$ cat upload_30.cif   # mmCIF, C-alpha atoms
data_start
loop_
_atom_site.group_PDB
_atom_site.id
_atom_site.type_symbol
_atom_site.label_atom_id
_atom_site.label_comp_id
_atom_site.auth_asym_id
_atom_site.auth_seq_id
_atom_site.Cartn_x
_atom_site.Cartn_y
_atom_site.Cartn_z
ATOM 1 C CA MET A 1 31.269 36.156 25.585
ATOM 2 C CA HIS A 2 28.956 33.710 27.313
ATOM 3 C CA ARG A 3 28.840 31.456 24.236
ATOM 4 C CA ARG A 4 32.584 31.644 23.734
ATOM 5 C CA TYR A 5 33.406 30.245 27.186
ATOM 6 C CA GLN A 6 30.362 28.058 27.769
ATOM 7 C CA SER A 7 31.916 24.873 26.352
ATOM 8 C CA SER A 8 35.128 25.209 28.376
ATOM 9 C CA SER A 9 33.649 26.073 31.781
ATOM 10 C CA ILE A 10 33.968 23.436 34.512
ATOM 11 C CA PRO A 11 31.056 23.065 36.967
ATOM 12 C CA THR A 12 31.839 23.152 40.681
ATOM 13 C CA GLU A 13 30.271 19.666 40.975
ATOM 14 C CA ILE A 14 33.239 18.281 39.035
ATOM 15 C CA MET A 15 35.629 20.123 41.327
ATOM 16 C CA ARG A 16 33.925 18.546 44.343
ATOM 17 C CA SER A 17 34.344 15.122 42.766
ATOM 18 C CA VAL A 18 38.058 15.718 42.212
ATOM 19 C CA VAL A 19 38.544 16.795 45.824
ATOM 20 C CA GLY A 20 36.296 13.973 47.042
ATOM 21 C CA ILE A 21 38.345 11.279 45.299
ATOM 22 C CA SER A 22 41.565 12.784 46.624
ATOM 23 C CA GLU A 23 40.329 12.871 50.221
ATOM 24 C CA THR A 24 38.523 9.515 50.321
ATOM 25 C CA GLY A 25 41.051 7.637 48.214
ATOM 26 C CA SER A 26 38.644 6.098 45.710
ATOM 27 C CA ILE A 27 35.879 6.852 43.221
ATOM 28 C CA THR A 28 33.532 4.450 45.005
ATOM 29 C CA LYS A 29 33.889 6.175 48.386
ATOM 30 C CA ALA A 30 33.674 9.639 46.844
ATOM 31 C CA ALA A 31 30.455 8.620 45.082
ATOM 32 C CA LYS A 32 28.914 7.498 48.382
ATOM 33 C CA VAL A 33 29.912 10.669 50.211
ATOM 34 C CA LEU A 34 28.742 12.988 47.432
ATOM 35 C CA GLY A 35 25.498 11.109 46.850
ATOM 36 C CA LEU A 36 26.312 10.282 43.218
ATOM 37 C CA SER A 37 26.651 7.061 41.269
ATOM 38 C CA GLN A 38 30.105 5.700 40.486
ATOM 39 C CA PRO A 39 29.545 6.061 36.703
ATOM 40 C CA ALA A 40 28.575 9.720 37.239
ATOM 41 C CA ILE A 41 31.832 10.411 39.104
ATOM 42 C CA SER A 42 33.854 8.571 36.438
ATOM 43 C CA SER A 43 32.161 10.608 33.711
ATOM 44 C CA GLN A 44 33.013 13.849 35.509
ATOM 45 C CA ILE A 45 36.664 12.850 35.840
ATOM 46 C CA LYS A 46 36.861 11.945 32.131
ATOM 47 C CA ARG A 47 35.410 15.347 31.305
ATOM 48 C CA ILE A 48 37.999 17.291 33.288
ATOM 49 C CA GLU A 49 40.819 15.048 32.006
ATOM 50 C CA HIS A 50 39.729 15.963 28.479
ATOM 51 C CA VAL A 51 39.899 19.655 29.415
ATOM 52 C CA VAL A 52 43.356 19.521 31.049
ATOM 53 C CA GLY A 53 44.790 17.038 28.548
ATOM 54 C CA GLY A 54 45.797 14.077 30.690
ATOM 55 C CA SER A 55 45.033 11.660 33.513
ATOM 56 C CA ILE A 56 44.605 13.202 36.948
ATOM 57 C CA PHE A 57 44.254 9.974 38.952
ATOM 58 C CA GLN A 58 45.981 6.635 38.782
ATOM 59 C CA LYS A 59 45.193 3.398 40.586
ATOM 60 C CA SER A 60 47.483 2.453 43.454
ATOM 61 C CA ALA A 61 47.599 -0.214 46.154
ATOM 62 C CA ASN A 62 45.611 2.096 48.436
ATOM 63 C CA GLY A 63 43.020 3.236 45.884
ATOM 64 C CA SER A 64 43.204 6.263 43.592
ATOM 65 C CA ALA A 65 46.190 8.607 43.834
ATOM 66 C CA ALA A 66 46.638 11.949 42.069
ATOM 67 C CA THR A 67 49.125 12.125 39.212
ATOM 68 C CA GLU A 68 51.487 15.097 38.955
ATOM 69 C CA LEU A 69 48.942 16.760 36.685
ATOM 70 C CA GLY A 70 46.224 15.749 39.111
ATOM 71 C CA LYS A 71 47.997 17.490 41.985
ATOM 72 C CA LEU A 72 47.954 20.737 40.029
ATOM 73 C CA VAL A 73 44.261 20.258 39.210
ATOM 74 C CA LEU A 74 43.548 19.537 42.878
ATOM 75 C CA ILE A 75 45.146 22.813 43.985
ATOM 76 C CA GLN A 76 42.993 24.791 41.559
ATOM 77 C CA ALA A 77 39.870 22.762 42.397
ATOM 78 C CA LYS A 78 40.188 23.655 46.074
ATOM 79 C CA LYS A 79 40.633 27.322 45.181
ATOM 80 C CA ILE A 80 37.509 27.248 42.998
ATOM 81 C CA LEU A 81 35.433 25.604 45.730
ATOM 82 C CA GLU A 82 36.715 28.049 48.329
ATOM 83 C CA ALA A 83 35.812 30.985 46.075
ATOM 84 C CA ASN A 84 32.385 29.457 45.453
ATOM 85 C CA ASP A 85 31.784 29.082 49.190
ATOM 86 C CA GLN A 86 32.900 32.662 49.806
ATOM 87 C CA LEU A 87 30.386 33.916 47.239
ATOM 88 C CA LEU A 88 27.608 31.951 48.933
ATOM 89 C CA MET A 89 28.623 33.459 52.260
ATOM 90 C CA LEU A 90 27.824 36.945 50.909
ATOM 91 C CA ARG A 91 24.213 36.116 51.676
ATOM 92 C CA GLY A 92 25.171 36.149 55.341
ATOM 93 C CA GLY A 93 26.298 32.882 56.861
ATOM 94 C CA THR A 94 25.525 29.462 55.460
ATOM 95 C CA PRO A 95 22.658 29.607 52.930
ATOM 96 C CA ASP A 96 19.418 28.105 54.208
ATOM 97 C CA ASP A 97 19.090 25.995 51.078
ATOM 98 C CA LEU A 98 22.321 24.102 51.722
ATOM 99 C CA PRO A 99 21.399 20.779 53.389
ATOM 100 C CA ILE A 100 22.866 19.660 56.677
ATOM 101 C CA ARG A 101 24.742 16.418 56.148
ATOM 102 C CA ILE A 102 23.966 13.514 58.480
ATOM 103 C CA GLY A 103 26.038 10.338 58.520
ATOM 104 C CA LEU A 104 24.002 7.384 59.711
ATOM 105 C CA SER A 105 25.040 3.836 60.545
ATOM 106 C CA ASN A 106 23.012 1.712 58.148
ATOM 107 C CA ILE A 107 21.843 -0.353 61.119
ATOM 108 C CA TYR A 108 19.707 2.620 62.157
ATOM 109 C CA SER A 109 18.597 3.780 58.686
ATOM 110 C CA ARG A 110 15.120 2.233 58.800
ATOM 111 C CA ARG A 111 14.419 3.551 62.294
ATOM 112 C CA MET A 112 15.509 7.035 61.226
ATOM 113 C CA MET A 113 12.976 6.989 58.402
ATOM 114 C CA GLU A 114 10.247 5.863 60.804
ATOM 115 C CA VAL A 115 10.991 8.404 63.530
ATOM 116 C CA PHE A 116 11.275 11.517 61.337
ATOM 117 C CA SER A 117 8.629 12.721 58.928
ATOM 118 C CA LYS A 118 9.336 13.548 55.303
ATOM 119 C CA ALA A 119 8.970 17.280 56.045
ATOM 120 C CA GLU A 120 11.600 17.099 58.808
ATOM 121 C CA ILE A 121 14.260 15.601 56.570
ATOM 122 C CA THR A 122 13.471 17.553 53.388
ATOM 123 C CA ASN A 123 16.520 19.811 53.711
ATOM 124 C CA ILE A 124 18.830 17.152 55.120
ATOM 125 C CA SER A 125 21.346 15.084 53.170
ATOM 126 C CA ILE A 126 21.641 11.593 54.681
ATOM 127 C CA TYR A 127 24.608 9.318 54.032
ATOM 128 C CA ALA A 128 24.297 5.737 55.335
ATOM 129 C CA ASP A 129 27.259 3.379 55.693
ATOM 130 C CA ASN A 130 28.981 1.249 58.314
ATOM 131 C CA SER A 131 30.000 2.967 61.550
ATOM 132 C CA ALA A 132 33.726 3.083 60.728
ATOM 133 C CA GLU A 133 33.030 5.013 57.510
ATOM 134 C CA ILE A 134 30.675 7.405 59.310
ATOM 135 C CA VAL A 135 33.420 8.246 61.814
ATOM 136 C CA LYS A 136 35.934 8.854 59.026
ATOM 137 C CA CYS A 137 33.539 11.110 57.106
ATOM 138 C CA LEU A 138 32.770 13.042 60.287
ATOM 139 C CA ILE A 139 36.457 13.655 60.997
ATOM 140 C CA ASP A 140 37.190 14.589 57.365
ATOM 141 C CA GLY A 141 34.318 17.095 57.317
ATOM 142 C CA PHE A 142 32.175 15.329 54.704
ATOM 143 C CA ILE A 143 29.276 15.182 57.172
ATOM 144 C CA ASP A 144 28.155 17.529 59.959
ATOM 145 C CA ILE A 145 26.402 15.070 62.294
ATOM 146 C CA GLY A 146 27.012 11.360 62.842
ATOM 147 C CA ILE A 147 24.932 8.595 64.419
ATOM 148 C CA TYR A 148 26.908 5.387 64.751
ATOM 149 C CA LEU A 149 27.992 2.461 66.930
ATOM 150 C CA SER A 150 31.242 2.560 68.849
ATOM 151 C CA LEU A 151 33.143 0.460 71.369
ATOM 152 C CA SER A 152 34.197 3.710 73.061
ATOM 153 C CA ASP A 153 32.180 6.531 74.633
ATOM 154 C CA THR A 154 34.726 9.222 73.754
ATOM 155 C CA PRO A 155 34.818 11.429 70.628
ATOM 156 C CA PRO A 156 37.040 10.076 67.830
ATOM 157 C CA ASP A 157 38.744 13.430 67.268
ATOM 158 C CA PRO A 158 39.114 16.815 69.050
ATOM 159 C CA THR A 159 36.997 18.445 66.317
ATOM 160 C CA ILE A 160 34.079 16.175 67.229
ATOM 161 C CA GLU A 161 31.653 16.553 70.134
ATOM 162 C CA VAL A 162 29.604 13.709 71.641
ATOM 163 C CA VAL A 163 26.101 15.203 71.974
ATOM 164 C CA ASP A 164 24.375 12.112 73.366
ATOM 165 C CA GLN A 165 25.012 8.408 73.795
ATOM 166 C CA ARG A 166 23.523 5.234 75.152
ATOM 167 C CA ALA A 167 24.361 1.559 75.539
ATOM 168 C CA ASP A 168 22.781 -0.566 72.797
ATOM 169 C CA GLU A 169 22.560 -4.174 73.992
ATOM 170 C CA VAL A 170 23.069 -6.686 71.201
ATOM 171 C CA ALA A 171 21.980 -10.281 70.654
ATOM 172 C CA TRP A 172 22.745 -13.176 68.355
ATOM 173 C CA ILE A 173 20.052 -13.561 65.700
ATOM 174 C CA ARG A 174 19.132 -16.346 63.296
ATOM 175 C CA ALA A 175 16.398 -17.667 61.046
ATOM 176 C CA LYS A 176 13.586 -19.335 62.963
ATOM 177 C CA ASP A 177 14.374 -22.701 61.373
ATOM 178 C CA PHE A 178 18.164 -22.447 61.630
ATOM 179 C CA THR A 179 19.924 -25.444 63.220
ATOM 180 C CA LEU A 180 23.574 -26.140 63.972
ATOM 181 C CA SER A 181 25.115 -29.608 64.124
ATOM 182 C CA PRO A 182 26.845 -30.403 67.450
ATOM 183 C CA GLY A 183 30.526 -29.480 67.338
ATOM 184 C CA ALA A 184 30.275 -27.628 64.017
ATOM 185 C CA PRO A 185 31.987 -24.216 63.659
ATOM 186 C CA ILE A 186 29.679 -21.236 64.224
ATOM 187 C CA PRO A 187 28.775 -19.853 60.756
ATOM 188 C CA LEU A 188 29.049 -16.062 60.886
ATOM 189 C CA LEU A 189 27.368 -13.481 58.667
ATOM 190 C CA THR A 190 29.756 -10.571 58.902
ATOM 191 C CA TRP A 191 32.210 -8.115 57.380
ATOM 192 C CA PRO A 192 35.697 -7.770 58.955
ATOM 193 C CA GLY A 193 36.494 -4.342 60.354
ATOM 194 C CA GLN A 194 32.960 -3.542 61.481
ATOM 195 C CA ILE A 195 31.774 -3.258 65.090
ATOM 196 C CA MET A 196 29.482 -6.301 64.950
ATOM 197 C CA HIS A 197 32.308 -8.435 63.549
ATOM 198 C CA GLU A 198 34.579 -7.445 66.422
ATOM 199 C CA LEU A 199 31.871 -8.193 69.000
ATOM 200 C CA MET A 200 31.163 -11.665 67.592
ATOM 201 C CA VAL A 201 34.784 -12.693 67.144
ATOM 202 C CA GLN A 202 35.866 -11.393 70.560
ATOM 203 C CA ALA A 203 33.019 -13.256 72.294
ATOM 204 C CA LEU A 204 33.723 -16.543 70.488
ATOM 205 C CA GLU A 205 37.483 -16.364 70.991
ATOM 206 C CA ARG A 206 37.107 -15.609 74.707
ATOM 207 C CA LYS A 207 35.167 -18.860 74.997
ATOM 208 C CA GLY A 208 37.603 -20.746 72.756
ATOM 209 C CA MET A 209 34.926 -21.548 70.178
ATOM 210 C CA ILE A 210 35.563 -22.339 66.524
ATOM 211 C CA TYR A 211 33.829 -20.233 63.880
ATOM 212 C CA ARG A 212 33.853 -19.732 60.141
ATOM 213 C CA ILE A 213 32.731 -16.854 57.945
ATOM 214 C CA ALA A 214 29.757 -18.258 56.053
ATOM 215 C CA PHE A 215 28.702 -15.015 54.388
ATOM 216 C CA SER A 216 30.676 -11.796 54.019
ATOM 217 C CA SER A 217 29.322 -8.471 52.786
ATOM 218 C CA PRO A 218 29.754 -4.801 53.749
ATOM 219 C CA ASP A 219 26.023 -4.362 53.102
ATOM 220 C CA PHE A 220 24.142 -4.719 56.391
ATOM 221 C CA HIS A 221 20.803 -5.387 54.687
ATOM 222 C CA THR A 222 22.350 -8.164 52.581
ATOM 223 C CA ARG A 223 23.625 -9.849 55.751
ATOM 224 C CA ILE A 224 20.097 -9.692 57.161
ATOM 225 C CA GLU A 225 18.820 -11.442 54.026
ATOM 226 C CA ALA A 226 21.504 -14.105 54.500
ATOM 227 C CA ALA A 227 20.264 -14.619 58.066
ATOM 228 C CA LYS A 228 16.700 -15.008 56.786
ATOM 229 C CA ALA A 229 17.959 -17.657 54.360
ATOM 230 C CA GLY A 230 19.338 -19.647 57.295
ATOM 231 C CA ILE A 231 22.989 -19.402 56.211
ATOM 232 C CA GLY A 232 24.308 -18.504 59.656
ATOM 233 C CA LEU A 233 24.202 -16.162 62.640
ATOM 234 C CA THR A 234 24.980 -12.501 63.163
ATOM 235 C CA VAL A 235 24.561 -9.873 65.863
ATOM 236 C CA LEU A 236 22.136 -6.937 66.058
ATOM 237 C CA PRO A 237 20.880 -4.499 68.691
ATOM 238 C CA LYS A 238 18.052 -6.333 70.449
ATOM 239 C CA ARG A 239 15.495 -3.614 69.763
ATOM 240 C CA LEU A 240 16.177 -3.735 66.014
ATOM 241 C CA VAL A 241 15.702 -7.467 65.418
ATOM 242 C CA PRO A 242 13.184 -7.814 62.550
ATOM 243 C CA SER A 243 10.107 -9.982 63.071
ATOM 244 C CA SER A 244 11.283 -12.345 60.314
ATOM 245 C CA LEU A 245 14.256 -13.363 62.511
ATOM 246 C CA THR A 246 14.564 -14.536 66.089
ATOM 247 C CA ILE A 247 17.004 -13.980 68.945
ATOM 248 C CA ALA A 248 19.255 -17.019 69.319
ATOM 249 C CA ASN A 249 19.263 -18.057 72.973
ATOM 250 C CA GLU A 250 21.192 -21.293 72.472
ATOM 251 C CA TYR A 251 23.318 -22.150 75.505
ATOM 252 C CA TYR A 252 26.535 -22.468 73.501
ATOM 253 C CA LEU A 253 26.480 -18.878 72.198
ATOM 254 C CA PRO A 254 28.615 -16.526 74.322
ATOM 255 C CA LYS A 255 27.330 -13.127 75.396
ATOM 256 C CA CYS A 256 28.737 -10.278 73.310
ATOM 257 C CA GLY A 257 29.984 -6.979 74.661
ATOM 258 C CA THR A 258 27.707 -3.961 74.622
ATOM 259 C CA PRO A 259 28.569 -1.191 72.140
ATOM 260 C CA ARG A 260 27.445 2.404 72.487
ATOM 261 C CA MET A 261 25.298 4.354 70.088
ATOM 262 C CA LEU A 262 26.732 7.856 69.711
ATOM 263 C CA LEU A 263 25.205 11.078 68.435
ATOM 264 C CA CYS A 264 28.152 13.258 67.452
ATOM 265 C CA ALA A 265 28.628 16.567 65.655
ATOM 266 C CA ARG A 266 31.447 18.661 64.320
ATOM 267 C CA ARG A 267 32.171 21.587 66.625
ATOM 268 C CA ASP A 268 32.064 23.996 63.667
ATOM 269 C CA GLY A 269 28.537 22.937 62.650
ATOM 270 C CA GLY A 270 26.831 26.287 63.317
ATOM 271 C CA ALA A 271 23.346 27.288 64.454
ATOM 272 C CA ARG A 272 21.422 25.196 61.927
ATOM 273 C CA SER A 273 23.209 22.027 63.038
ATOM 274 C CA THR A 274 22.464 22.951 66.660
ATOM 275 C CA LYS A 275 18.737 23.144 65.924
ATOM 276 C CA LEU A 276 18.754 19.760 64.219
ATOM 277 C CA LEU A 277 20.823 18.256 67.020
ATOM 278 C CA GLU A 278 18.151 19.296 69.511
ATOM 279 C CA ALA A 279 15.533 17.438 67.463
ATOM 280 C CA LEU A 280 17.766 14.373 67.142
ATOM 281 C CA ARG A 281 18.562 14.376 70.839
ATOM 282 C CA SER A 282 14.882 14.593 71.829
ATOM 283 C CA ARG A 283 14.175 11.416 69.844
ATOM 284 C CA PHE A 284 17.555 9.756 70.195
ATOM 285 C CA ASN A 285 16.168 6.805 72.146
ATOM 286 C CA ASP A 286 13.632 6.118 69.384
ATOM 287 C CA ILE A 287 16.157 5.780 66.568
#

$ encode --input "upload_30.cif" --output "structure tokens"
Amino acid sequence: MHRRYQSSSIPTEIMRSVVGISETGSITKAAKVLGLSQPAISSQIKRIEHVVGGSIFQKSANGSAATELGKLVLIQAKKILEANDQLLMLRGGTPDDLPIRIGLSNIYSRRMMEVFSKAEITNISIYADNSAEIVKCLIDGFIDIGIYLSLSDTPPDPTIEVVDQRADEVAWIRAKDFTLSPGAPIPLLTWPGQIMHELMVQALERKGMIYRIAFSSPDFHTRIEAAKAGIGLTVLPKRLVPSSLTIANEYYLPKCGTPRMLLCARRDGGARSTKLLEALRSRFNDI
């Protein structure tokens, strides 16, 4: 019997990919959340489409949307995952070998690796992205704990608890040999929709200054490389400015607002999340 059904069985990993695409709206976002490559997710979807005999997702203006067949697959996928989770719960609560999921603003990713030892993060799944994506994943339940920047000190959703927070003063940064011609627009290294973009634009517009986007990328580390190349200016928390760059104290640059760094958790995180939160809170100021 095992051989007879082996070729037609569908792993739960594929079910998680189906649900992930449906809830995030795209293969790319689902891949990031699930910790898989985009080709791996695409391969999984092709496999299940071969089994069910048709396309389950179609591209739309907002990303990937389920087809009519896909909606039926999605219903069954959620049932399979729920049954799988119920079986795991027979061990008594959440299994110890299931990792706690931490969402981390990529601005703090290097500091996180420096503050925590390899042993401390062995059974933790870390997902790094911009702060807006971390908030969304926290609300949607894709992560259990989030560390991110915010312009507000309140939780983004009733299901979320703010465990700790602090002001994180920011500064303009540039390459050490960067120069700007008098009267020229301020060249920004940014990505619209992110906290740092809002801080820069708000500060410049309050002062009535002209700016242009010289380099645009959602990848924080790529923007840092652009700063090193002398392409323009960006904003970073003062304590995280790398030694290869310098704080720009030019008189014409307006002071930016001060965002808050939040340590948040889902209220249904359980005892294991509570233990990790205590460790994160004790070293929160070092991240």

$ residues_around --input "upload_30.cif" --residues "Ile56 in chain A" --least-positions-apart "6" --cutoff "8 Å" --atoms "all atoms listed in the file" --output "MDAnalysis selection string"
chainID A and resid 49 66:71 73

$ atom_distance --input "upload_30.cif" --atom1 "CA of Arg206 in chain A" --atom2 "CA of His221 in chain A"
27.8 Å

$ resolve_selection --input "upload_30.cif" --expression "the PyMOL selection byres ((chain A and resi 102) around 10)" --output "PyMOL selection string"
chain A and resi 99-101+103-105+124-128+134+137-138+142-147+264-265+273+276

$ write_last_selection --input "upload_30.cif" --atoms "C-alpha atoms" --output "JSON list (two decimals), in the coordinates of the input"
[["chain", "number", "residue", "atom", "x", "y", "z"],
["A", 99, "PRO", "CA", 21.40, 20.78, 53.39],
["A", 100, "ILE", "CA", 22.87, 19.66, 56.68],
["A", 101, "ARG", "CA", 24.74, 16.42, 56.15],
["A", 103, "GLY", "CA", 26.04, 10.34, 58.52],
["A", 104, "LEU", "CA", 24.00, 7.38, 59.71],
["A", 105, "SER", "CA", 25.04, 3.84, 60.54],
["A", 124, "ILE", "CA", 18.83, 17.15, 55.12],
["A", 125, "SER", "CA", 21.35, 15.08, 53.17],
["A", 126, "ILE", "CA", 21.64, 11.59, 54.68],
["A", 127, "TYR", "CA", 24.61, 9.32, 54.03],
["A", 128, "ALA", "CA", 24.30, 5.74, 55.34],
["A", 134, "ILE", "CA", 30.68, 7.40, 59.31],
["A", 137, "CYS", "CA", 33.54, 11.11, 57.11],
["A", 138, "LEU", "CA", 32.77, 13.04, 60.29],
["A", 142, "PHE", "CA", 32.17, 15.33, 54.70],
["A", 143, "ILE", "CA", 29.28, 15.18, 57.17],
["A", 144, "ASP", "CA", 28.16, 17.53, 59.96],
["A", 145, "ILE", "CA", 26.40, 15.07, 62.29],
["A", 146, "GLY", "CA", 27.01, 11.36, 62.84],
["A", 147, "ILE", "CA", 24.93, 8.60, 64.42],
["A", 264, "CYS", "CA", 28.15, 13.26, 67.45],
["A", 265, "ALA", "CA", 28.63, 16.57, 65.66],
["A", 273, "SER", "CA", 23.21, 22.03, 63.04],
["A", 276, "LEU", "CA", 18.75, 19.76, 64.22]]

$ closest_residue --input "upload_30.cif" --among "A:Arg47, A:Arg260, A:Arg283, A:Arg239" --to "Thr154 in chain A" --atoms "all atoms listed in the file"
A:Arg260

$ closest_atom_pairs --input "upload_30.cif" --of "range 263-285 of chain A" --to "range 159-180 of chain A" --cutoff "9 Å" --atoms "only C-alpha atoms" --output "JSON lines"
{"residue": "A:Leu263", "atom": "CA", "partner": "A:Asp164", "partner_atom": "CA", "distance": 5.1}
{"residue": "A:Cys264", "atom": "CA", "partner": "A:Val162", "partner_atom": "CA", "distance": 4.5}
{"residue": "A:Ala265", "atom": "CA", "partner": "A:Glu161", "partner_atom": "CA", "distance": 5.4}
{"residue": "A:Arg266", "atom": "CA", "partner": "A:Ile160", "partner_atom": "CA", "distance": 4.6}
{"residue": "A:Arg267", "atom": "CA", "partner": "A:Thr159", "partner_atom": "CA", "distance": 5.8}
{"residue": "A:Asp268", "atom": "CA", "partner": "A:Thr159", "partner_atom": "CA", "distance": 7.9}
{"residue": "A:Leu277", "atom": "CA", "partner": "A:Val163", "partner_atom": "CA", "distance": 7.9}
{"residue": "A:Arg281", "atom": "CA", "partner": "A:Asp164", "partner_atom": "CA", "distance": 6.7}
{"residue": "A:Phe284", "atom": "CA", "partner": "A:Asp164", "partner_atom": "CA", "distance": 7.9}
{"residue": "A:Asn285", "atom": "CA", "partner": "A:Arg166", "partner_atom": "CA", "distance": 8.1}

$ atom_distance --input "upload_30.cif" --atom1 "CA of Pro237 in chain A" --atom2 "CA of Thr258 in chain A"
9.1 Å
